[in-house]
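Printed here is data-v2.pdb (PDB, C-alpha atoms and all ligand atoms):
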ATOM      1  CA  MET A   1      70.894 -79.573-162.628
ATOM      2  CA  GLY A   2      71.472 -77.603-165.804
ATOM      3  CA  ARG A   3      67.812 -76.637-165.948
ATOM      4  CA  ARG A   4      67.163 -73.367-167.764
ATOM      5  CA  ALA A   5      65.152 -70.960-165.611
ATOM      6  CA  PHE A   6      61.642 -70.318-166.939
ATOM      7  CA  VAL A   7      59.709 -67.164-166.054
ATOM      8  CA  ALA A   8      56.092 -66.954-167.210
ATOM      9  CA  GLY A   9      53.677 -64.062-166.718
ATOM     10  CA  ASN A  10      50.085 -64.981-165.921
ATOM     11  CA  TRP A  11      48.091 -61.865-166.748
ATOM     12  CA  LYS A  12      44.861 -63.438-165.433
ATOM     13  CA  MET A  13      41.674 -61.505-166.373
ATOM     14  CA  ASN A  14      43.530 -58.222-166.841
ATOM     15  CA  THR A  15      44.510 -55.823-169.636
ATOM     16  CA  ASP A  16      42.545 -54.706-172.663
ATOM     17  CA  ARG A  17      43.537 -55.318-176.268
ATOM     18  CA  ALA A  18      45.783 -52.254-176.611
ATOM     19  CA  GLY A  19      47.291 -52.721-173.158
ATOM     20  CA  ALA A  20      47.985 -56.395-173.790
ATOM     21  CA  VAL A  21      49.757 -55.661-177.071
ATOM     22  CA  ALA A  22      51.772 -52.809-175.508
ATOM     23  CA  LEU A  23      52.832 -54.978-172.561
ATOM     24  CA  ALA A  24      53.792 -57.866-174.840
ATOM     25  CA  ALA A  25      55.744 -55.516-177.103
ATOM     26  CA  ALA A  26      57.658 -54.008-174.171
ATOM     27  CA  VAL A  27      58.568 -57.437-172.793
ATOM     28  CA  ALA A  28      59.528 -58.768-176.227
ATOM     29  CA  GLU A  29      61.737 -55.758-176.944
ATOM     30  CA  ALA A  30      63.482 -56.049-173.588
ATOM     31  CA  VAL A  31      64.060 -59.778-174.044
ATOM     32  CA  ALA A  32      65.309 -59.306-177.619
ATOM     33  CA  GLY A  33      67.739 -56.627-176.411
ATOM     34  CA  GLU A  34      68.945 -58.259-173.201
ATOM     35  CA  ARG A  35      68.870 -61.936-174.173
ATOM     36  CA  PRO A  36      68.334 -63.104-170.592
ATOM     37  CA  ALA A  37      69.327 -66.595-169.503
ATOM     38  CA  ALA A  38      65.766 -67.461-168.583
ATOM     39  CA  GLU A  39      63.153 -68.706-170.993
ATOM     40  CA  VAL A  40      60.257 -66.226-170.974
ATOM     41  CA  ALA A  41      56.542 -66.610-171.711
ATOM     42  CA  VAL A  42      53.474 -64.403-171.335
ATOM     43  CA  CYS A  43      49.957 -65.749-170.825
ATOM     44  CA  PRO A  44      47.309 -63.166-171.778
ATOM     45  CA  PRO A  45      43.545 -63.746-171.657
ATOM     46  CA  PHE A  46      42.257 -66.017-174.459
ATOM     47  CA  VAL A  47      40.733 -63.124-176.383
ATOM     48  CA  TYR A  48      44.071 -61.330-176.719
ATOM     49  CA  LEU A  49      46.207 -64.378-177.588
ATOM     50  CA  ASP A  50      46.122 -63.697-181.307
ATOM     51  CA  ALA A  51      47.063 -60.023-181.037
ATOM     52  CA  VAL A  52      49.748 -60.716-178.436
ATOM     53  CA  GLY A  53      51.145 -63.579-180.512
ATOM     54  CA  GLN A  54      51.475 -61.246-183.494
ATOM     55  CA  ALA A  55      53.227 -58.626-181.347
ATOM     56  CA  LEU A  56      55.679 -61.236-180.032
ATOM     57  CA  ARG A  57      56.442 -62.674-183.453
ATOM     58  CA  ALA A  58      56.972 -59.186-184.912
ATOM     59  CA  ARG A  59      59.732 -58.716-182.322
ATOM     60  CA  GLY A  60      61.652 -61.876-183.047
ATOM     61  CA  GLY A  61      59.608 -64.449-181.209
ATOM     62  CA  ALA A  62      61.999 -64.824-178.258
ATOM     63  CA  VAL A  63      59.066 -64.615-175.829
ATOM     64  CA  ALA A  64      56.733 -67.595-175.912
ATOM     65  CA  LEU A  65      52.959 -67.326-176.004
ATOM     66  CA  GLY A  66      51.062 -69.120-173.242
ATOM     67  CA  ALA A  67      47.398 -69.655-172.425
ATOM     68  CA  GLN A  68      45.896 -69.588-168.936
ATOM     69  CA  ASP A  69      43.624 -72.584-169.374
ATOM     70  CA  VAL A  70      42.209 -75.038-171.922
ATOM     71  CA  TYR A  71      39.388 -77.553-172.184
ATOM     72  CA  ASP A  72      40.142 -81.238-172.350
ATOM     73  CA  GLN A  73      38.010 -82.021-175.419
ATOM     74  CA  GLU A  74      39.121 -81.464-178.991
ATOM     75  CA  ASN A  75      35.914 -79.870-180.350
ATOM     76  CA  GLY A  76      32.147 -80.184-180.164
ATOM     77  CA  ALA A  77      29.248 -78.938-178.060
ATOM     78  CA  PHE A  78      31.215 -77.312-175.226
ATOM     79  CA  THR A  79      29.938 -73.754-175.218
ATOM     80  CA  GLY A  80      32.522 -71.211-174.198
ATOM     81  CA  GLU A  81      35.451 -73.616-174.086
ATOM     82  CA  VAL A  82      38.742 -73.555-176.029
ATOM     83  CA  SER A  83      40.692 -76.640-177.151
ATOM     84  CA  ALA A  84      44.411 -77.341-177.250
ATOM     85  CA  SER A  85      44.400 -77.449-181.060
ATOM     86  CA  MET A  86      42.737 -74.008-181.199
ATOM     87  CA  LEU A  87      45.510 -72.673-178.954
ATOM     88  CA  LYS A  88      48.157 -74.324-181.114
ATOM     89  CA  ASP A  89      46.587 -72.715-184.166
ATOM     90  CA  LEU A  90      47.284 -69.294-182.593
ATOM     91  CA  GLY A  91      50.938 -70.086-181.902
ATOM     92  CA  VAL A  92      50.521 -70.943-178.237
ATOM     93  CA  THR A  93      53.306 -73.181-176.925
ATOM     94  CA  TRP A  94      52.562 -73.240-173.167
ATOM     95  CA  VAL A  95      49.302 -73.791-171.307
ATOM     96  CA  ILE A  96      48.748 -73.254-167.583
ATOM     97  CA  VAL A  97      46.589 -75.990-166.055
ATOM     98  CA  GLY A  98      45.198 -76.280-162.538
ATOM     99  CA  HIS A  99      45.891 -72.722-161.422
ATOM    100  CA  SER A 100      44.650 -72.249-157.869
ATOM    101  CA  GLU A 101      42.032 -69.752-159.017
ATOM    102  CA  ARG A 102      40.580 -72.443-161.262
ATOM    103  CA  ARG A 103      40.817 -75.100-158.558
ATOM    104  CA  HIS A 104      39.426 -72.977-155.718
ATOM    105  CA  VAL A 105      37.332 -70.204-157.279
ATOM    106  CA  ILE A 106      35.953 -72.080-160.281
ATOM    107  CA  LYS A 107      36.014 -75.421-158.404
ATOM    108  CA  GLU A 108      37.799 -77.507-161.003
ATOM    109  CA  PRO A 109      38.229 -81.023-159.670
ATOM    110  CA  ASP A 110      41.466 -83.032-159.847
ATOM    111  CA  GLU A 111      40.012 -85.286-162.565
ATOM    112  CA  LEU A 112      39.372 -82.355-164.899
ATOM    113  CA  VAL A 113      42.828 -80.935-164.203
ATOM    114  CA  ASN A 114      44.262 -84.324-165.158
ATOM    115  CA  ARG A 115      42.246 -84.497-168.382
ATOM    116  CA  LYS A 116      43.440 -81.008-169.303
ATOM    117  CA  VAL A 117      47.088 -81.931-168.640
ATOM    118  CA  ARG A 118      46.705 -84.972-170.904
ATOM    119  CA  ALA A 119      45.010 -82.894-173.613
ATOM    120  CA  VAL A 120      47.793 -80.290-173.571
ATOM    121  CA  LEU A 121      50.682 -82.746-173.574
ATOM    122  CA  GLY A 122      48.902 -85.000-176.063
ATOM    123  CA  ALA A 123      48.601 -82.039-178.437
ATOM    124  CA  GLY A 124      52.353 -81.519-178.281
ATOM    125  CA  LEU A 125      52.147 -78.331-176.201
ATOM    126  CA  GLY A 126      54.051 -77.481-173.039
ATOM    127  CA  CYS A 127      52.051 -77.735-169.819
ATOM    128  CA  ILE A 128      52.556 -75.709-166.641
ATOM    129  CA  LEU A 129      50.765 -77.756-163.974
ATOM    130  CA  CYS A 130      50.084 -75.676-160.861
ATOM    131  CA  VAL A 131      49.971 -77.230-157.414
ATOM    132  CA  GLY A 132      49.945 -75.802-153.917
ATOM    133  CA  GLU A 133      48.336 -75.843-150.504
ATOM    134  CA  THR A 134      45.809 -73.491-148.911
ATOM    135  CA  ILE A 135      46.640 -71.754-145.643
ATOM    136  CA  GLN A 136      44.412 -74.202-143.754
ATOM    137  CA  GLN A 137      46.236 -77.128-145.312
ATOM    138  CA  ARG A 138      49.609 -75.578-144.457
ATOM    139  CA  GLU A 139      48.581 -74.943-140.866
ATOM    140  CA  GLY A 140      47.265 -78.486-140.683
ATOM    141  CA  GLY A 141      50.678 -79.858-141.698
ATOM    142  CA  MET A 142      49.323 -81.096-145.016
ATOM    143  CA  THR A 143      51.524 -79.136-147.445
ATOM    144  CA  ASP A 144      53.581 -82.077-148.668
ATOM    145  CA  ALA A 145      50.595 -84.413-148.932
ATOM    146  CA  VAL A 146      48.581 -81.862-150.918
ATOM    147  CA  ASN A 147      51.445 -81.181-153.314
ATOM    148  CA  ALA A 148      52.145 -84.878-153.794
ATOM    149  CA  HIS A 149      48.465 -85.599-154.391
ATOM    150  CA  GLN A 150      48.069 -82.774-156.906
ATOM    151  CA  VAL A 151      51.204 -83.844-158.792
ATOM    152  CA  ARG A 152      50.204 -87.527-158.841
ATOM    153  CA  SER A 153      46.572 -86.922-159.754
ATOM    154  CA  GLY A 154      47.478 -84.244-162.312
ATOM    155  CA  LEU A 155      49.904 -86.595-164.051
ATOM    156  CA  ALA A 156      47.833 -89.775-163.903
ATOM    157  CA  GLY A 157      48.111 -91.528-167.258
ATOM    158  CA  VAL A 158      50.781 -89.151-168.600
ATOM    159  CA  PRO A 159      53.429 -91.235-170.381
ATOM    160  CA  ALA A 160      57.112 -90.689-169.651
ATOM    161  CA  GLU A 161      57.856 -89.544-173.192
ATOM    162  CA  GLN A 162      55.659 -86.447-172.674
ATOM    163  CA  VAL A 163      57.280 -85.320-169.428
ATOM    164  CA  GLY A 164      59.938 -83.315-171.274
ATOM    165  CA  ARG A 165      57.207 -80.758-172.026
ATOM    166  CA  LEU A 166      55.994 -80.554-168.430
ATOM    167  CA  VAL A 167      56.707 -77.765-165.947
ATOM    168  CA  ILE A 168      55.345 -77.784-162.403
ATOM    169  CA  ALA A 169      54.476 -74.473-160.728
ATOM    170  CA  TYR A 170      54.474 -74.673-156.940
ATOM    171  CA  GLU A 171      52.094 -71.916-155.896
ATOM    172  CA  PRO A 172      51.082 -71.885-152.244
ATOM    173  CA  VAL A 173      47.525 -70.526-152.409
ATOM    174  CA  TRP A 174      48.092 -68.231-149.423
ATOM    175  CA  ALA A 175      50.931 -66.502-151.297
ATOM    176  CA  ILE A 176      49.072 -65.768-154.539
ATOM    177  CA  GLY A 177      48.176 -62.121-154.908
ATOM    178  CA  THR A 178      48.567 -61.541-151.170
ATOM    179  CA  GLY A 179      52.022 -59.979-150.965
ATOM    180  CA  ARG A 180      53.041 -62.896-148.711
ATOM    181  CA  THR A 181      55.838 -64.948-150.256
ATOM    182  CA  ALA A 182      57.090 -68.359-149.161
ATOM    183  CA  THR A 183      60.544 -68.075-147.629
ATOM    184  CA  PRO A 184      63.290 -69.333-149.928
ATOM    185  CA  ALA A 185      63.797 -72.229-147.503
ATOM    186  CA  ASP A 186      60.103 -73.169-147.494
ATOM    187  CA  ALA A 187      59.950 -72.948-151.280
ATOM    188  CA  GLN A 188      63.093 -75.076-151.646
ATOM    189  CA  ASP A 189      61.690 -77.683-149.256
ATOM    190  CA  ALA A 190      58.421 -77.945-151.203
ATOM    191  CA  HIS A 191      60.205 -78.024-154.559
ATOM    192  CA  ARG A 192      62.626 -80.731-153.430
ATOM    193  CA  LYS A 193      59.727 -82.898-152.268
ATOM    194  CA  ILE A 194      57.779 -82.303-155.489
ATOM    195  CA  ARG A 195      60.871 -83.369-157.436
ATOM    196  CA  ALA A 196      61.034 -86.524-155.348
ATOM    197  CA  VAL A 197      57.436 -87.311-156.340
ATOM    198  CA  LEU A 198      58.387 -86.798-159.987
ATOM    199  CA  GLY A 199      61.314 -89.140-159.433
ATOM    200  CA  ASP A 200      59.005 -91.742-158.030
ATOM    201  CA  LEU A 201      56.730 -91.422-161.066
ATOM    202  CA  TYR A 202      59.262 -91.040-163.892
ATOM    203  CA  GLY A 203      62.712 -91.809-162.491
ATOM    204  CA  PRO A 204      65.569 -89.572-161.353
ATOM    205  CA  ALA A 205      66.706 -88.390-164.794
ATOM    206  CA  ALA A 206      63.263 -87.081-165.791
ATOM    207  CA  ALA A 207      62.745 -85.565-162.337
ATOM    208  CA  GLY A 208      66.138 -83.869-162.523
ATOM    209  CA  ALA A 209      65.324 -82.388-165.911
ATOM    210  CA  THR A 210      61.831 -81.085-165.038
ATOM    211  CA  ARG A 211      61.567 -77.423-164.171
ATOM    212  CA  ILE A 212      59.647 -76.409-161.064
ATOM    213  CA  GLN A 213      58.616 -72.756-160.955
ATOM    214  CA  TYR A 214      57.679 -70.921-157.780
ATOM    215  CA  GLY A 215      54.620 -68.689-157.828
ATOM    216  CA  GLY A 216      53.110 -66.462-155.166
ATOM    217  CA  SER A 217      53.898 -62.758-154.851
ATOM    218  CA  MET A 218      57.239 -63.094-156.603
ATOM    219  CA  LYS A 219      58.697 -59.674-157.386
ATOM    220  CA  PRO A 220      62.051 -58.244-158.467
ATOM    221  CA  GLU A 221      63.061 -57.803-154.808
ATOM    222  CA  ASN A 222      62.627 -61.448-153.809
ATOM    223  CA  ALA A 223      63.065 -63.292-157.116
ATOM    224  CA  ALA A 224      66.850 -63.746-157.017
ATOM    225  CA  GLU A 225      66.827 -65.251-153.533
ATOM    226  CA  LEU A 226      64.072 -67.677-154.525
ATOM    227  CA  MET A 227      65.666 -68.657-157.838
ATOM    228  CA  LYS A 228      69.005 -69.243-156.112
ATOM    229  CA  GLN A 229      67.488 -72.261-154.399
ATOM    230  CA  PRO A 230      68.684 -75.435-156.100
ATOM    231  CA  ASP A 231      65.205 -76.738-156.944
ATOM    232  CA  VAL A 232      63.556 -73.407-157.841
ATOM    233  CA  ASP A 233      63.757 -73.091-161.618
ATOM    234  CA  GLY A 234      61.995 -69.820-162.305
ATOM    235  CA  GLY A 235      58.636 -68.296-161.535
ATOM    236  CA  LEU A 236      55.001 -68.060-162.495
ATOM    237  CA  ILE A 237      54.214 -64.402-161.991
ATOM    238  CA  GLY A 238      50.825 -62.758-161.518
ATOM    239  CA  GLY A 239      50.646 -59.140-160.372
ATOM    240  CA  ALA A 240      54.273 -58.292-161.126
ATOM    241  CA  ALA A 241      53.845 -59.499-164.725
ATOM    242  CA  LEU A 242      51.452 -56.658-165.532
ATOM    243  CA  LYS A 243      54.271 -54.107-165.770
ATOM    244  CA  ALA A 244      57.155 -54.757-168.161
ATOM    245  CA  ASP A 245      59.693 -53.258-165.722
ATOM    246  CA  SER A 246      58.811 -55.440-162.772
ATOM    247  CA  PHE A 247      58.403 -58.527-164.941
ATOM    248  CA  MET A 248      61.829 -57.946-166.510
ATOM    249  CA  GLY A 249      63.307 -57.460-163.034
ATOM    250  CA  ILE A 250      62.190 -61.010-162.271
ATOM    251  CA  VAL A 251      63.343 -62.339-165.651
ATOM    252  CA  ARG A 252      66.832 -60.923-164.913
ATOM    253  CA  ALA A 253      66.899 -62.764-161.599
ATOM    254  CA  GLY A 254      66.967 -65.909-163.715
ATOM    255  CA  ASN A 255      70.522 -65.012-164.821
ATOM    256  CA  ARG A 256      71.870 -67.292-162.098
TER     257      ARG A 256
HETATM  258  C1  LIG A 301      49.755 -66.471-160.070
HETATM  259  O1  LIG A 301      48.639 -66.082-160.328
HETATM  260  O2  LIG A 301      50.166 -67.509-160.620
HETATM  261  C2  LIG A 301      50.562 -65.709-159.106
HETATM  262  C3  LIG A 301      51.662 -66.243-158.658
HETATM  263  O3  LIG A 301      50.094 -64.476-158.749
HETATM  264  P1  LIG A 301      50.909 -63.339-157.908
HETATM  265  O4  LIG A 301      52.301 -63.275-158.484
HETATM  266  O5  LIG A 301      50.128 -62.099-158.115
HETATM  267  O6  LIG A 301      50.926 -63.803-156.485
END
Rewrite the coordinates I just gave you, this time as structure tokens.
Ligand code: PEP
Amino acid sequence: MGRRAFVAGNWKMNTDRAGAVALAAAVAEAVAGERPAAEVAVCPPFVYLDAVGQALRARGGAVALGAQDVYDQENGAFTGEVSASMLKDLGVTWVIVGHSERRHVIKEPDELVNRKVRAVLGAGLGCILCVGETIQQREGGMTDAVNAHQVRSGLAGVPAEQVGRLVIAYEPVWAIGTGRTATPADAQDAHRKIRAVLGDLYGPAAAGATRIQYGGSMKPENAAELMKQPDVDGGLIGGAALKADSFMGIVRAGNR
């Protein structure tokens, strides 16, 4: 154990420039004042990363800057895409890869998710690799197989020495943005099995040190119960990250 809780806000395609800066400032001020036990990051849209990064740094830099996605190539003729080195240049330290909205809405295949994970870790950035089953997969008894497959395929070719910068986010697709949350017991069961897959890939010490966040309608009211589970090491937060008060309520639940 001994894993520090990690709470990251995924703002998705929300906020405007002024709203993003105000939200970042409110979170950064609260974190600077309260010094919570959890590590905290916010992941604004690409276009607001620079402004949000400046707002975070101006308030002490205790809140990390994260990006919601990345492209796997370094530079070149890839219209509309953003590389890991461009993100690094803006002060980004975490990148979300394989979010369910990218897998299921934008139809990103496992191979691309894997290339993105390797690009992020290869650039020296932290990677939050999202995995999780759809409701059909859950009802078909495939939850564990889907999670194991997404972890294994996402990490294919990732060397052990880069795993220290990896975080897994278990996000059951049916719980994202729906108000339906996995029960603490269901989350713990999935997290324990994901950790076992990590153990199989990288050995028990690396698996024991890797943080696994839960994501899917986490809010201040259910966060403590979820984070009390032995294998739940924080949260990836969507809707509740768009208000500093509710986000901080979840961050505080990491004081376990
Ligand atoms: C997410 O988008 O990663 C997420 C967990 O969203 P929400 O908290 O809104 O369910």
Arg211 in chain A surroundings by all atoms listed in the file, 7 Å radius, close-in-sequence under 3 positions cut, as a list in words:
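Close residues of Arg211 in chain A: Arg3, Val167, Ile168 and Asp233 of chain A.
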Given 7 Å and all atoms listed in the file, residues near ligand LIG 301 (chain A) as a tab-separated table (two decimals) with C-alpha atoms, keeping the file's coordinate frame:
chain	number	residue	atom	x	y	z
A	10	ASN	CA	50.08	-64.98	-165.92
A	12	LYS	CA	44.86	-63.44	-165.43
A	99	HIS	CA	45.89	-72.72	-161.42
A	171	GLU	CA	52.09	-71.92	-155.90
A	175	ALA	CA	50.93	-66.50	-151.30
A	176	ILE	CA	49.07	-65.77	-154.54
A	177	GLY	CA	48.18	-62.12	-154.91
A	178	THR	CA	48.57	-61.54	-151.17
A	179	GLY	CA	52.02	-59.98	-150.96
A	215	GLY	CA	54.62	-68.69	-157.83
A	216	GLY	CA	53.11	-66.46	-155.17
A	217	SER	CA	53.90	-62.76	-154.85
A	218	MET	CA	57.24	-63.09	-156.60
A	236	LEU	CA	55.00	-68.06	-162.50
A	237	ILE	CA	54.21	-64.40	-161.99
A	238	GLY	CA	50.82	-62.76	-161.52
A	239	GLY	CA	50.65	-59.14	-160.37
A	240	ALA	CA	54.27	-58.29	-161.13
Could you check the closest approach to Met227 in chain A for each of A:Ala5, A:Ala206, A:Pro45, A:Gly122 and tell me which residue wins, using all atoms listed in the file?
A:Ala5
On this structure, which residues satisfy the PyMOL selection byres (((chain A and resi 4) around 12) and not hetatm), written as a ChimeraX atom specification?
/A:1-3,5-7,36-40,167,208-213,227,230-235,251,254-256
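Across the structure, CA of Phe46 in chain A and CA of Leu87 in chain A are spaced 8.7 Å apart.
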So what does the PyMOL selection byres (((chain A and resi 130) around 7) and not hetatm) actually pick up in this one, as a short mmCIF file (atom, residue, chain, number, x, y, z; two decimals) with C-alpha atoms, keeping the file's coordinate frame?
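Okay, this is what ended up in selection_33.cif:
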data_model
loop_
_atom_site.label_atom_id
_atom_site.label_comp_id
_atom_site.auth_asym_id
_atom_site.auth_seq_id
_atom_site.Cartn_x
_atom_site.Cartn_y
_atom_site.Cartn_z
CA VAL A 97 46.59 -75.99 -166.06
CA GLY A 98 45.20 -76.28 -162.54
CA HIS A 99 45.89 -72.72 -161.42
CA ILE A 128 52.56 -75.71 -166.64
CA LEU A 129 50.76 -77.76 -163.97
CA VAL A 131 49.97 -77.23 -157.41
CA GLY A 132 49.94 -75.80 -153.92
CA ILE A 168 55.34 -77.78 -162.40
CA ALA A 169 54.48 -74.47 -160.73
CA TYR A 170 54.47 -74.67 -156.94
CA GLU A 171 52.09 -71.92 -155.90
#
Run the PyMOL selection byres (((chain A and resi 245) around 12) and not hetatm) mentally over the shown coordinates, then write out the matched residues as a compact mmCIF listing (two decimals) with C-alpha atoms, keeping the file's coordinate frame, using the chain letters and numbers from the document.
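The result, written out as part.txt:
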# COMPACT_ATOMS: atom_id res chain seq x y z
CA LEU A 23 52.83 -54.98 -172.56
CA ALA A 24 53.79 -57.87 -174.84
CA ALA A 26 57.66 -54.01 -174.17
CA VAL A 27 58.57 -57.44 -172.79
CA ALA A 28 59.53 -58.77 -176.23
CA GLU A 29 61.74 -55.76 -176.94
CA ALA A 30 63.48 -56.05 -173.59
CA VAL A 31 64.06 -59.78 -174.04
CA LYS A 219 58.70 -59.67 -157.39
CA PRO A 220 62.05 -58.24 -158.47
CA ALA A 240 54.27 -58.29 -161.13
CA ALA A 241 53.84 -59.50 -164.72
CA LEU A 242 51.45 -56.66 -165.53
CA LYS A 243 54.27 -54.11 -165.77
CA ALA A 244 57.16 -54.76 -168.16
CA SER A 246 58.81 -55.44 -162.77
CA PHE A 247 58.40 -58.53 -164.94
CA MET A 248 61.83 -57.95 -166.51
CA GLY A 249 63.31 -57.46 -163.03
CA ILE A 250 62.19 -61.01 -162.27
CA VAL A 251 63.34 -62.34 -165.65
CA ARG A 252 66.83 -60.92 -164.91
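For the residues A:Asn222, A:Ala160, A:Gly19, A:Arg59, ranking by smallest atom-to-atom distance to Gly199 in chain A using all atoms listed in the file places A:Ala160 first.
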